[in-house]
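**Student:** You'll find upload.cif just under this line, and it carries mmCIF, C-alpha atoms (C1' of nucleotides).
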```cif
data_input
loop_
_atom_site.label_atom_id
_atom_site.label_comp_id
_atom_site.auth_asym_id
_atom_site.auth_seq_id
_atom_site.Cartn_x
_atom_site.Cartn_y
_atom_site.Cartn_z
CA MET D 1 6.35 6.62 -42.37
CA ALA D 2 4.78 10.01 -41.91
CA ARG D 3 4.71 11.68 -38.51
CA PRO D 4 6.87 10.08 -35.83
CA LYS D 5 5.62 9.82 -32.26
CA SER D 6 6.27 13.06 -30.47
CA THR D 7 9.05 12.63 -27.95
CA GLU D 8 7.88 15.87 -26.44
CA ALA D 9 4.46 14.53 -25.59
CA ARG D 10 6.07 11.36 -24.32
CA ASN D 11 8.43 13.19 -22.01
CA GLU D 12 5.71 15.45 -20.66
CA ALA D 13 3.45 12.52 -19.91
CA LEU D 14 6.24 10.57 -18.25
CA ALA D 15 7.26 13.54 -16.14
CA ALA D 16 3.67 14.06 -15.04
CA ALA D 17 3.36 10.37 -14.26
CA GLY D 18 6.41 10.61 -12.03
CA GLY D 19 4.82 13.55 -10.28
CA VAL D 20 1.66 11.55 -9.66
CA VAL D 21 3.66 8.70 -8.11
CA VAL D 22 5.54 11.17 -5.92
CA ASP D 23 2.53 13.25 -4.85
CA ILE D 24 -0.20 10.63 -4.67
CA GLY D 25 1.59 7.32 -4.58
CA VAL D 26 1.58 4.07 -6.50
CA GLY D 27 -1.78 3.09 -5.07
CA GLY D 28 -3.53 6.21 -6.22
CA PHE D 29 -1.95 6.35 -9.65
CA THR D 30 -4.46 6.99 -12.45
CA VAL D 31 -4.10 7.78 -16.11
CA ASP D 32 -6.71 10.51 -15.84
CA GLU D 33 -4.56 12.32 -13.31
CA VAL D 34 -1.60 12.16 -15.68
CA VAL D 35 -3.83 13.60 -18.40
CA ARG D 36 -4.94 16.40 -16.09
CA ARG D 37 -1.38 17.32 -15.19
CA SER D 38 0.36 16.93 -18.51
CA GLY D 39 -2.23 18.10 -20.99
CA VAL D 40 -1.30 15.10 -23.09
CA ALA D 41 -4.37 13.33 -24.45
CA LYS D 42 -5.35 9.99 -23.01
CA THR D 43 -5.36 8.55 -26.49
CA THR D 44 -1.74 9.55 -26.94
CA ILE D 45 -0.74 7.95 -23.65
CA TYR D 46 -2.30 4.66 -24.64
CA ARG D 47 -0.62 4.87 -28.02
CA HIS D 48 2.74 5.20 -26.28
CA TRP D 49 2.42 2.79 -23.37
CA GLY D 50 -0.55 0.56 -24.16
CA SER D 51 -1.69 0.27 -20.57
CA ALA D 52 -1.74 2.24 -17.36
CA GLN D 53 0.52 -0.33 -15.77
CA ASN D 54 3.27 0.11 -18.34
CA LEU D 55 3.25 3.85 -17.77
CA LEU D 56 3.33 3.37 -14.00
CA PHE D 57 6.19 0.94 -14.36
CA GLU D 58 8.33 3.36 -16.33
CA ALA D 59 7.36 6.27 -14.10
CA VAL D 60 8.54 4.44 -11.00
CA GLU D 61 11.62 3.13 -12.72
CA GLN D 62 12.89 6.61 -13.53
CA LEU D 63 12.50 7.59 -9.87
CA ILE D 64 14.92 4.93 -8.71
CA VAL D 65 18.21 6.78 -8.36
CA PRO D 66 21.51 5.07 -7.61
CA GLU D 67 22.65 5.46 -4.02
CA PRO D 68 26.15 6.76 -3.28
CA GLU D 69 28.72 4.10 -2.55
CA PRO D 70 31.40 5.50 -0.26
CA ASN D 71 34.84 3.89 -0.50
CA THR D 72 37.20 5.74 1.76
CA GLY D 73 39.35 2.84 2.93
CA SER D 74 37.92 2.50 6.42
CA LEU D 75 34.63 1.16 7.73
CA GLU D 76 34.29 4.03 10.16
CA ALA D 77 34.57 6.69 7.46
CA ASP D 78 32.36 4.80 5.01
CA LEU D 79 29.61 4.51 7.59
CA ARG D 80 30.02 8.13 8.64
CA GLU D 81 29.65 9.19 5.05
CA MET D 82 26.50 7.13 4.60
CA GLY D 83 25.10 8.49 7.84
CA ASP D 84 25.81 12.06 6.81
CA PHE D 85 24.17 11.41 3.48
CA MET D 86 21.06 10.15 5.25
CA LEU D 87 21.04 13.11 7.61
CA GLY D 88 21.35 15.49 4.69
CA ILE D 89 18.32 14.27 2.79
CA PRO D 90 15.66 17.00 2.81
CA THR D 91 12.39 16.26 4.54
CA ASP D 92 10.27 16.47 1.40
CA ILE D 93 12.47 13.93 -0.33
CA LYS D 94 12.08 11.62 2.65
CA VAL D 95 8.33 11.97 2.53
CA ARG D 96 8.39 11.17 -1.15
CA SER D 97 10.64 8.16 -0.63
CA ARG D 98 8.38 6.82 2.06
CA ARG D 99 5.35 7.18 -0.18
CA ILE D 100 7.02 5.37 -3.06
CA PHE D 101 8.34 2.69 -0.75
CA ALA D 102 4.94 2.07 0.86
CA GLY D 103 3.16 1.98 -2.45
CA LEU D 104 5.59 -0.49 -3.96
CA LEU D 105 5.47 -2.72 -0.90
CA GLU D 106 1.69 -2.79 -0.93
CA GLY D 107 1.48 -3.16 -4.68
CA SER D 108 4.07 -5.92 -4.86
CA ILE D 109 1.85 -8.25 -2.87
CA ASP D 110 -0.37 -9.25 -5.76
CA ASP D 111 1.25 -7.55 -8.74
CA PRO D 112 4.37 -9.34 -10.01
CA THR D 113 5.56 -6.40 -12.09
CA ILE D 114 5.37 -4.08 -9.10
CA ALA D 115 7.12 -6.75 -7.05
CA GLU D 116 9.99 -6.77 -9.53
CA LEU D 117 10.19 -3.00 -9.34
CA PHE D 118 10.23 -3.14 -5.58
CA THR D 119 12.98 -5.74 -5.61
CA ARG D 120 15.05 -3.55 -7.87
CA LEU D 121 14.63 -0.54 -5.57
CA HIS D 122 15.44 -2.70 -2.61
CA GLU D 123 18.57 -4.13 -4.15
CA GLU D 124 19.72 -0.64 -5.01
CA ARG D 125 19.47 0.25 -1.35
CA ARG D 126 21.36 -2.83 -0.17
CA ARG D 127 24.10 -2.83 -2.77
CA PRO D 128 26.33 -0.06 -1.38
CA VAL D 129 25.99 -1.41 2.16
CA ALA D 130 27.02 -4.87 1.05
CA ALA D 131 30.04 -3.39 -0.74
CA ILE D 132 31.13 -1.49 2.36
CA LEU D 133 30.84 -4.56 4.54
CA THR D 134 32.70 -6.77 2.09
CA ARG D 135 35.61 -4.37 1.92
CA ALA D 136 35.65 -3.99 5.71
CA ALA D 137 35.79 -7.76 6.05
CA GLU D 138 38.67 -7.97 3.58
CA ARG D 139 40.54 -5.39 5.63
CA GLY D 140 39.87 -7.37 8.77
CA GLU D 141 37.81 -4.63 10.40
CA ILE D 142 34.90 -6.96 10.94
CA ASP D 143 34.52 -10.73 11.15
CA ALA D 144 35.38 -12.23 7.77
CA ARG D 145 32.15 -14.22 7.58
CA TYR D 146 30.10 -11.02 7.44
CA GLY D 147 31.81 -10.10 4.19
CA VAL D 148 30.43 -12.92 2.07
CA PRO D 149 27.01 -14.54 1.74
CA PRO D 150 25.01 -15.81 3.42
CA ASP D 151 26.05 -13.95 6.55
CA LEU D 152 26.65 -10.84 4.49
CA ASP D 153 22.92 -10.67 3.81
CA THR D 154 22.16 -10.90 7.50
CA ALA D 155 24.74 -8.23 8.25
CA VAL D 156 23.21 -5.95 5.63
CA ASP D 157 19.84 -6.37 7.32
CA VAL D 158 21.40 -5.44 10.63
CA VAL D 159 22.91 -2.31 9.14
CA VAL D 160 19.98 -1.02 7.10
CA GLY D 161 17.18 -2.30 9.35
CA PRO D 162 17.38 0.45 11.95
CA PHE D 163 17.06 3.06 9.21
CA PHE D 164 14.05 1.35 7.72
CA SER D 165 12.51 1.17 11.15
CA ARG D 166 13.11 4.80 11.98
CA VAL D 167 12.64 6.60 8.72
CA LEU D 168 10.39 4.48 6.53
CA ILE D 169 8.18 2.85 9.14
CA SER D 170 8.07 5.06 12.23
CA ASP D 171 8.27 8.16 10.06
CA GLU D 172 10.40 9.96 12.60
CA ARG D 173 13.33 12.21 11.98
CA LEU D 174 16.84 10.83 12.04
CA SER D 175 19.13 12.56 14.54
CA GLU D 176 22.90 12.63 14.77
CA ASP D 177 22.63 10.65 17.99
CA ASP D 178 20.81 7.92 16.07
CA VAL D 179 23.68 7.71 13.61
CA ASP D 180 26.21 7.57 16.45
CA VAL D 181 24.43 4.72 18.20
CA TRP D 182 23.98 2.96 14.90
CA MET D 183 27.68 3.22 14.07
CA ALA D 184 28.74 1.99 17.47
CA MET D 185 26.39 -0.96 17.11
CA ILE D 186 27.89 -1.97 13.82
CA ARG D 187 31.47 -1.48 14.90
CA ARG D 188 31.12 -3.54 18.02
CA GLY D 189 28.44 -5.92 16.86
CA LEU D 190 30.16 -7.15 13.74
CA GLN D 191 33.60 -7.54 15.26
CA ALA D 192 35.30 -10.89 15.27
CA ASP D 193 34.88 -12.80 18.52
CA MET F 194 -37.72 -1.94 21.27
CA ALA F 195 -38.62 -4.84 19.09
CA ARG F 196 -35.94 -6.88 17.39
CA PRO F 197 -32.37 -6.22 18.53
CA LYS F 198 -29.53 -6.14 16.04
CA SER F 199 -28.36 -9.65 15.32
CA THR F 200 -25.00 -10.27 16.93
CA GLU F 201 -24.76 -13.30 14.69
CA ALA F 202 -24.90 -11.25 11.50
CA ARG F 203 -22.50 -8.78 13.01
CA ASN F 204 -19.97 -11.44 13.92
CA GLU F 205 -20.19 -13.11 10.54
CA ALA F 206 -19.66 -9.83 8.73
CA LEU F 207 -16.74 -8.88 10.94
CA ALA F 208 -15.10 -12.27 10.50
CA ALA F 209 -15.50 -12.03 6.74
CA ALA F 210 -14.08 -8.51 6.81
CA GLY F 211 -11.03 -9.79 8.66
CA GLY F 212 -10.65 -12.44 5.99
CA VAL F 213 -10.76 -9.83 3.27
CA VAL F 214 -8.03 -7.81 4.98
CA VAL F 215 -5.92 -10.93 5.36
CA ASP F 216 -6.47 -12.32 1.86
CA ILE F 217 -6.68 -9.17 -0.23
CA GLY F 218 -5.24 -6.45 1.97
CA VAL F 219 -6.28 -3.08 3.30
CA GLY F 220 -5.93 -1.49 -0.10
CA GLY F 221 -8.29 -3.90 -1.80
CA PHE F 222 -10.88 -3.97 0.93
CA THR F 223 -14.45 -3.57 -0.34
CA VAL F 224 -17.84 -3.94 1.27
CA ASP F 225 -19.10 -5.94 -1.68
CA GLU F 226 -16.43 -8.55 -1.05
CA VAL F 227 -17.51 -8.81 2.58
CA VAL F 228 -21.08 -9.28 1.38
CA ARG F 229 -19.99 -12.01 -1.02
CA ARG F 230 -18.09 -13.88 1.66
CA SER F 231 -20.41 -13.49 4.62
CA GLY F 232 -23.84 -13.66 3.04
CA VAL F 233 -24.79 -10.72 5.23
CA ALA F 234 -26.74 -8.09 3.32
CA LYS F 235 -25.04 -4.83 2.46
CA THR F 236 -27.89 -2.97 4.09
CA THR F 237 -27.23 -4.76 7.34
CA ILE F 238 -23.55 -3.93 7.24
CA TYR F 239 -24.27 -0.25 6.80
CA ARG F 240 -26.80 -0.40 9.62
CA HIS F 241 -24.12 -1.80 11.90
CA TRP F 242 -21.06 0.20 10.90
CA GLY F 243 -22.33 3.18 8.97
CA SER F 244 -19.41 3.29 6.57
CA ALA F 245 -16.95 0.99 4.88
CA GLN F 246 -14.12 2.66 6.75
CA ASN F 247 -15.59 1.91 10.16
CA LEU F 248 -15.88 -1.74 9.24
CA LEU F 249 -12.33 -1.82 7.92
CA PHE F 250 -11.11 -0.13 11.07
CA GLU F 251 -12.67 -2.71 13.35
CA ALA F 252 -11.62 -5.58 11.11
CA VAL F 253 -7.99 -4.55 11.27
CA GLU F 254 -8.18 -3.79 14.97
CA GLN F 255 -9.25 -7.32 15.82
CA LEU F 256 -6.28 -8.68 13.86
CA ILE F 257 -3.75 -6.89 16.05
CA VAL F 258 -2.67 -9.48 18.57
CA PRO F 259 -0.53 -8.66 21.60
CA GLU F 260 3.08 -9.78 21.29
CA PRO F 261 4.65 -11.90 24.01
CA GLU F 262 6.76 -10.03 26.50
CA PRO F 263 9.45 -12.33 27.85
CA ASN F 264 10.79 -11.53 31.31
CA THR F 265 13.26 -14.22 32.28
CA GLY F 266 15.72 -12.11 34.22
CA SER F 267 18.49 -11.99 31.63
CA LEU F 268 18.83 -10.15 28.35
CA GLU F 269 20.27 -13.19 26.65
CA ALA F 270 17.30 -15.39 27.55
CA ASP F 271 14.73 -12.69 26.79
CA LEU F 272 16.18 -12.18 23.32
CA ARG F 273 16.44 -15.89 22.73
CA GLU F 274 12.79 -16.29 23.62
CA MET F 275 11.77 -13.53 21.25
CA GLY F 276 13.92 -15.01 18.52
CA ASP F 277 12.42 -18.43 19.01
CA PHE F 278 8.96 -16.92 18.89
CA MET F 279 9.77 -15.25 15.58
CA LEU F 280 11.24 -18.46 14.20
CA GLY F 281 8.14 -20.36 15.25
CA ILE F 282 5.64 -18.21 13.41
CA PRO F 283 4.13 -20.24 10.55
CA THR F 284 4.72 -19.03 7.02
CA ASP F 285 1.09 -18.26 6.29
CA ILE F 286 0.87 -16.04 9.35
CA LYS F 287 3.97 -14.21 8.22
CA VAL F 288 2.49 -13.65 4.79
CA ARG F 289 -0.65 -12.32 6.37
CA SER F 290 1.29 -10.03 8.69
CA ARG F 291 3.26 -8.65 5.81
CA ARG F 292 0.11 -7.96 3.85
CA ILE F 293 -1.55 -6.15 6.74
CA PHE F 294 1.62 -4.24 7.48
CA ALA F 295 2.04 -3.11 3.88
CA GLY F 296 -1.58 -2.10 3.55
CA LEU F 297 -1.53 -0.06 6.73
CA LEU F 298 1.73 1.63 5.80
CA GLU F 299 0.41 2.59 2.39
CA GLY F 300 -3.00 3.59 3.73
CA SER F 301 -1.62 5.64 6.58
CA ILE F 302 -0.03 8.09 4.20
CA ASP F 303 -3.20 10.01 3.43
CA ASP F 304 -5.77 8.45 5.74
CA PRO F 305 -5.46 9.63 9.38
CA THR F 306 -7.63 6.83 10.78
CA ILE F 307 -5.48 4.22 9.08
CA ALA F 308 -2.42 6.07 10.33
CA GLU F 309 -3.69 5.77 13.89
CA LEU F 310 -4.28 2.08 13.39
CA PHE F 311 -0.81 1.64 11.99
CA THR F 312 0.70 3.51 14.93
CA ARG F 313 -1.15 1.24 17.33
CA LEU F 314 0.15 -1.88 15.59
CA HIS F 315 3.62 -0.43 15.51
CA GLU F 316 3.62 0.47 19.21
CA GLU F 317 2.45 -3.02 20.02
CA ARG F 318 5.52 -4.37 18.26
CA ARG F 319 7.93 -2.02 19.98
CA ARG F 320 6.52 -2.27 23.48
CA PRO F 321 7.93 -5.67 24.53
CA VAL F 322 11.35 -4.85 23.07
CA ALA F 323 11.48 -1.58 24.97
CA ALA F 324 10.56 -3.41 28.17
CA ILE F 325 13.34 -5.96 27.67
CA LEU F 326 15.93 -3.28 27.04
CA THR F 327 14.85 -1.20 30.02
CA ARG F 328 15.17 -4.16 32.36
CA ALA F 329 18.53 -5.12 30.87
CA ALA F 330 19.76 -1.57 31.44
CA GLU F 331 18.57 -1.66 35.05
CA ARG F 332 20.51 -4.87 35.58
CA GLY F 333 23.58 -3.31 34.03
CA GLU F 334 23.69 -5.73 31.10
CA ILE F 335 23.72 -2.90 28.61
CA ASP F 336 24.65 0.76 28.77
CA ALA F 337 22.20 2.54 31.09
CA ARG F 338 21.36 5.22 28.54
CA TYR F 339 19.77 2.64 26.24
CA GLY F 340 17.20 1.88 28.93
CA VAL F 341 15.44 5.23 28.92
CA PRO F 342 14.31 7.61 26.18
CA PRO F 343 15.44 9.06 23.94
CA ASP F 344 18.23 6.54 23.35
CA LEU F 345 15.84 3.74 24.21
CA ASP F 346 13.88 4.53 21.06
CA THR F 347 17.02 4.36 18.99
CA ALA F 348 17.99 1.08 20.62
CA VAL F 349 14.57 -0.37 19.89
CA ASP F 350 15.00 0.57 16.24
CA VAL F 351 18.35 -1.17 16.24
CA VAL F 352 16.80 -4.33 17.70
CA VAL F 353 13.62 -4.57 15.63
CA GLY F 354 14.99 -3.03 12.43
CA PRO F 355 16.79 -6.13 11.16
CA PHE F 356 13.59 -8.15 11.55
CA PHE F 357 11.58 -5.56 9.67
CA SER F 358 14.19 -5.56 6.95
CA ARG F 359 14.35 -9.31 6.61
CA VAL F 360 10.78 -10.44 7.16
CA LEU F 361 8.51 -7.54 6.31
CA ILE F 362 10.47 -5.88 3.54
CA SER F 363 12.75 -8.43 1.90
CA ASP F 364 10.14 -11.13 2.41
CA GLU F 365 12.77 -13.73 3.10
CA ARG F 366 12.73 -16.48 5.63
CA LEU F 367 14.29 -15.98 9.01
CA SER F 368 16.96 -18.56 9.84
CA GLU F 369 18.47 -19.54 13.16
CA ASP F 370 21.74 -18.07 11.99
CA ASP F 371 20.01 -14.74 11.52
CA VAL F 372 18.82 -14.83 15.09
CA ASP F 373 22.30 -15.72 16.33
CA VAL F 374 23.93 -12.84 14.47
CA TRP F 375 21.19 -10.55 15.64
CA MET F 376 21.66 -11.53 19.27
CA ALA F 377 25.42 -11.11 19.11
CA MET F 378 24.96 -7.68 17.58
CA ILE F 379 22.71 -6.53 20.36
CA ARG F 380 24.82 -8.00 23.11
CA ARG F 381 28.02 -6.41 21.91
CA GLY F 382 26.59 -3.33 20.30
CA LEU F 383 24.63 -2.06 23.26
CA GLN F 384 27.30 -2.72 25.86
CA ALA F 385 28.70 0.09 27.92
CA ASP F 386 31.92 1.52 26.56
"C1'" DT A 387 2.79 19.59 -51.96
"C1'" DG A 388 0.52 15.29 -50.93
"C1'" DG A 389 -0.26 11.38 -48.16
"C1'" DT A 390 0.16 9.31 -43.82
"C1'" DT A 391 0.23 9.29 -39.04
"C1'" DT A 392 0.09 11.41 -34.58
"C1'" DC A 393 -2.01 14.93 -31.94
"C1'" DG A 394 -5.67 16.75 -28.63
"C1'" DA A 395 -10.54 16.69 -27.57
"C1'" DT A 396 -14.64 14.58 -26.54
"C1'" DA A 397 -17.54 11.02 -25.97
"C1'" DC A 398 -18.47 6.52 -24.84
"C1'" DG A 399 -18.75 1.58 -22.83
"C1'" DA A 400 -17.73 -1.60 -19.31
"C1'" DA A 401 -16.55 -2.60 -14.77
"C1'" DC A 402 -16.32 -1.54 -10.05
"C1'" DT A 403 -17.41 0.91 -5.63
"C1'" DA A 404 -19.86 3.56 -1.74
"C1'" DG A 405 -23.96 4.23 -0.07
"C1'" DT A 406 -29.29 4.58 -0.34
"C1'" DA A 407 -34.10 3.08 -1.29
"C1'" DT A 408 -37.54 -0.27 -1.18
"C1'" DC A 409 -39.96 -4.35 0.23
"C1'" DG A 410 -41.67 -8.73 1.90
"C1'" DA A 411 -40.38 -11.91 5.51
"C1'" DA A 412 -38.82 -13.08 9.81
"C1'" DA A 413 -37.65 -12.35 14.62
"C1'" DC A 414 -38.05 -10.29 18.90
"C1'" DG A 415 -40.12 -7.72 23.06
"C1'" DT A 416 -44.16 -6.91 25.56
"C1'" DA U 417 -50.74 -12.17 19.41
"C1'" DC U 418 -49.39 -7.67 17.99
"C1'" DG U 419 -46.44 -4.02 16.71
"C1'" DT U 420 -41.85 -2.71 15.85
"C1'" DT U 421 -37.49 -3.38 13.99
"C1'" DT U 422 -33.96 -5.97 11.67
"C1'" DC U 423 -33.11 -9.16 8.10
"C1'" DG U 424 -31.83 -10.45 3.18
"C1'" DA U 425 -32.58 -9.34 -1.62
"C1'" DT U 426 -32.65 -6.39 -5.31
"C1'" DA U 427 -32.32 -2.32 -7.61
"C1'" DC U 428 -30.60 2.02 -7.98
"C1'" DT U 429 -27.73 6.58 -8.02
"C1'" DA U 430 -23.48 8.68 -8.39
"C1'" DG U 431 -18.75 8.64 -8.95
"C1'" DT U 432 -14.38 6.66 -10.59
"C1'" DT U 433 -11.38 4.17 -13.60
"C1'" DC U 434 -9.53 1.70 -17.71
"C1'" DG U 435 -9.53 1.50 -22.26
"C1'" DT U 436 -11.61 2.43 -27.01
"C1'" DA U 437 -13.88 5.06 -30.76
"C1'" DT U 438 -14.20 9.02 -33.46
"C1'" DC U 439 -12.72 13.21 -35.71
"C1'" DG U 440 -10.73 17.49 -37.32
"C1'" DA U 441 -6.24 19.65 -37.10
"C1'" DA U 442 -1.50 19.63 -37.23
"C1'" DA U 443 3.07 17.79 -38.12
"C1'" DC U 444 6.21 15.18 -40.58
"C1'" DC U 445 8.51 12.41 -44.54
"C1'" DA U 446 9.19 11.87 -49.32
#
```
Taking this structure as input, can you express it in the form of structure tokens?
**Tutor:**
Amino acid sequence: MARPKSTEARNEALAAAGGVVVDIGVGGFTVDEVVRRSGVAKTTIYRHWGSAQNLLFEAVEQLIVPEPEPNTGSLEADLREMGDFMLGIPTDIKVRSRRIFAGLLEGSIDDPTIAELFTRLHEERRRPVAAILTRAAERGEIDARYGVPPDLDTAVDVVVGPFFSRVLISDERLSEDDVDVWMAMIRRGLQAD
Amino acid sequence: MARPKSTEARNEALAAAGGVVVDIGVGGFTVDEVVRRSGVAKTTIYRHWGSAQNLLFEAVEQLIVPEPEPNTGSLEADLREMGDFMLGIPTDIKVRSRRIFAGLLEGSIDDPTIAELFTRLHEERRRPVAAILTRAAERGEIDARYGVPPDLDTAVDVVVGPFFSRVLISDERLSEDDVDVWMAMIRRGLQAD
DNA sequence: TGGTTTCGATACGAACTAGTATCGAAACGT
DNA sequence: ACGTTTCGATACTAGTTCGTATCGAAACCA
């Protein structure tokens, strides 16, 4: 053992790689761009990660942040909290999220490692919603069958789908009215018959 | 005038280009691949379209098929018809749709022409749903405000969102139960207070 | 301090892509 | 039948990317 691998160079390269994913997207990710931004030599990058794909994988992975999971004791308040969280996300963060999302979706089609990454991001988005619905079902606020699979999965799609449609796909701003309509839909739509 | 441009070569190239978009995706579209598949010379392709992007544009455009627009006279039946249509789409067509969708979403981020194409595809998907909701509002089956913008747009997101989430994003099969839950949601969720 | 390993820099090879140039052959209009 | 234009084929330029090779300098452990 002589000189250990510089964690400094590693961190700088990884940070730059994250910036590339955010600014350019998964599809336009290149090692050369990481080199340009970080100043870290290409040789060093390949010594650390072995391939461009490994670096991309770790760069995307670090960008996946856990979503908040409100647990106030009532469905209404949980949903309101989630809605407010969505409304409070700055525009530039939304743009970045959309870029990452689109790149992972496109990349996951023929790249299994990207597909796994996309699945992980996707699960992270669904997890808190599923928890909210399960608790609401236990409290009797919604039909019990929407609290456990397989109908839970369908219910989660119903809850998160409108947001995907509006924010990620249509690329339009989310208004307070949208959240109100969305909440009313869920309240009434998932009630027991 | 001597020899007119061969419509045969043009059609073969365009068909092959459509196949490339379907099989590989918008992101992996290359002229060389079209040449390989069609047998049409690269020179000829550039004589007809001028650039790879123009060919891609037209190839995608021809793949956008108009959606059915049920008009039975009742919201229930209109939704049921749309649901049945969705359920009846063969798996391979769904895979293809997802690939095109993902490619356009990713490509539209920094390519304005792709963005326009994506918008067109997206509008085509929303149009029949908006028409159904507007008629349902006129008949008094749902709250009147969901029949005209801007709440109509929100309502459309609520209706199509779950399908986007399940089919295009999660890449999971659509079951009859899903359609039932979805229909109940819309019926109850969009009712007048 | 000495030996080993990583570092950055530069250059390079291989593969792929957009688009152009060239050329003989074939097809079409007149 | 003749002239014009498109056709396919091939080669080419230029640019990009991944990944490797090389090398002197610097950093670290013992």
**Student:** Please report as a ChimeraX atom specification which residues of chain A come no farther than 10 Å from chain F, using all atoms listed in the file.
**Tutor:** /A:402-406,413-416
**Student:** Please identify every residue of chain F that has at least one atom no more than 10 Å from any atom of chain D, counting only C-alpha atoms, and report them as an mmCIF file with C-alpha atoms, keeping the file's coordinate frame.
**Tutor:**
```cif
data_model
loop_
_atom_site.group_PDB
_atom_site.id
_atom_site.type_symbol
_atom_site.label_atom_id
_atom_site.label_comp_id
_atom_site.auth_asym_id
_atom_site.auth_seq_id
_atom_site.Cartn_x
_atom_site.Cartn_y
_atom_site.Cartn_z
ATOM 1 C CA ILE F 217 -6.680 -9.170 -0.230
ATOM 2 C CA GLY F 218 -5.240 -6.450 1.970
ATOM 3 C CA VAL F 219 -6.280 -3.080 3.300
ATOM 4 C CA GLY F 220 -5.930 -1.490 -0.100
ATOM 5 C CA VAL F 288 2.490 -13.650 4.790
ATOM 6 C CA ARG F 291 3.260 -8.650 5.810
ATOM 7 C CA ARG F 292 0.110 -7.960 3.850
ATOM 8 C CA ILE F 293 -1.550 -6.150 6.740
ATOM 9 C CA PHE F 294 1.620 -4.240 7.480
ATOM 10 C CA ALA F 295 2.040 -3.110 3.880
ATOM 11 C CA GLY F 296 -1.580 -2.100 3.550
ATOM 12 C CA LEU F 297 -1.530 -0.060 6.730
ATOM 13 C CA LEU F 298 1.730 1.630 5.800
ATOM 14 C CA GLU F 299 0.410 2.590 2.390
ATOM 15 C CA GLY F 300 -3.000 3.590 3.730
ATOM 16 C CA SER F 301 -1.620 5.640 6.580
ATOM 17 C CA ILE F 302 -0.030 8.090 4.200
ATOM 18 C CA ASP F 303 -3.200 10.010 3.430
ATOM 19 C CA PHE F 311 -0.810 1.640 11.990
ATOM 20 C CA THR F 312 0.700 3.510 14.930
ATOM 21 C CA HIS F 315 3.620 -0.430 15.510
ATOM 22 C CA GLU F 316 3.620 0.470 19.210
ATOM 23 C CA TYR F 339 19.770 2.640 26.240
ATOM 24 C CA PRO F 343 15.440 9.060 23.940
ATOM 25 C CA ASP F 344 18.230 6.540 23.350
ATOM 26 C CA ASP F 346 13.880 4.530 21.060
ATOM 27 C CA THR F 347 17.020 4.360 18.990
ATOM 28 C CA ALA F 348 17.990 1.080 20.620
ATOM 29 C CA VAL F 349 14.570 -0.370 19.890
ATOM 30 C CA ASP F 350 15.000 0.570 16.240
ATOM 31 C CA VAL F 351 18.350 -1.170 16.240
ATOM 32 C CA VAL F 352 16.800 -4.330 17.700
ATOM 33 C CA VAL F 353 13.620 -4.570 15.630
ATOM 34 C CA GLY F 354 14.990 -3.030 12.430
ATOM 35 C CA PRO F 355 16.790 -6.130 11.160
ATOM 36 C CA PHE F 356 13.590 -8.150 11.550
ATOM 37 C CA PHE F 357 11.580 -5.560 9.670
ATOM 38 C CA SER F 358 14.190 -5.560 6.950
ATOM 39 C CA ARG F 359 14.350 -9.310 6.610
ATOM 40 C CA VAL F 360 10.780 -10.440 7.160
ATOM 41 C CA LEU F 361 8.510 -7.540 6.310
ATOM 42 C CA ILE F 362 10.470 -5.880 3.540
ATOM 43 C CA SER F 363 12.750 -8.430 1.900
ATOM 44 C CA LEU F 367 14.290 -15.980 9.010
ATOM 45 C CA SER F 368 16.960 -18.560 9.840
ATOM 46 C CA ASP F 370 21.740 -18.070 11.990
ATOM 47 C CA ASP F 371 20.010 -14.740 11.520
ATOM 48 C CA VAL F 372 18.820 -14.830 15.090
ATOM 49 C CA VAL F 374 23.930 -12.840 14.470
ATOM 50 C CA TRP F 375 21.190 -10.550 15.640
ATOM 51 C CA MET F 376 21.660 -11.530 19.270
ATOM 52 C CA ALA F 377 25.420 -11.110 19.110
ATOM 53 C CA MET F 378 24.960 -7.680 17.580
ATOM 54 C CA ILE F 379 22.710 -6.530 20.360
ATOM 55 C CA ARG F 380 24.820 -8.000 23.110
ATOM 56 C CA ARG F 381 28.020 -6.410 21.910
ATOM 57 C CA GLY F 382 26.590 -3.330 20.300
ATOM 58 C CA LEU F 383 24.630 -2.060 23.260
ATOM 59 C CA GLN F 384 27.300 -2.720 25.860
ATOM 60 C CA ASP F 386 31.920 1.520 26.560
#
```
**Student:** What's around Pro261 in chain F at 9 Å? Count only C-alpha atoms (C1' of nucleotides), leave out sequence neighbours fewer than 5 positions away in its own chain, and write the answer as number ranges by chain.
**Tutor:** F: 275, 278, 321
**Student:** Between C1' of DA411 in chain A and CA of Ala206 in chain F, what distance in Å does the model show, to one decimal?
**Tutor:**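 Calculated distance between C1' of DA411 in chain A and CA of Ala206 in chain F is 21.1 Å.
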**Student:** Can you tell me which residues surround DA395 in chain A at a distance of at most 12 Å, considering only C-alpha atoms (C1' of nucleotides), apart from same-chain residues fewer than 5 positions away, and format the answer as a PDB file with C-alpha atoms (C1' of nucleotides), in the coordinates of the input?
**Tutor:**
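Saved the output as selection03.pdb:
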```
ATOM      1  CA  VAL D  35      -3.830  13.600 -18.400  1.00  0.00           C
ATOM      2  CA  GLY D  39      -2.230  18.100 -20.990  1.00  0.00           C
ATOM      3  CA  VAL D  40      -1.300  15.100 -23.090  1.00  0.00           C
ATOM      4  CA  ALA D  41      -4.370  13.330 -24.450  1.00  0.00           C
ATOM      5  CA  LYS D  42      -5.350   9.990 -23.010  1.00  0.00           C
ATOM      6  CA  THR D  43      -5.360   8.550 -26.490  1.00  0.00           C
ATOM      7  CA  THR D  44      -1.740   9.550 -26.940  1.00  0.00           C
TER       8      THR D  44
ATOM      9  C1'  DT U 438     -14.200   9.020 -33.460  1.00  0.00           C
ATOM     10  C1'  DC U 439     -12.720  13.210 -35.710  1.00  0.00           C
ATOM     11  C1'  DG U 440     -10.730  17.490 -37.320  1.00  0.00           C
ATOM     12  C1'  DA U 441      -6.240  19.650 -37.100  1.00  0.00           C
TER      13       DA U 441
END
```
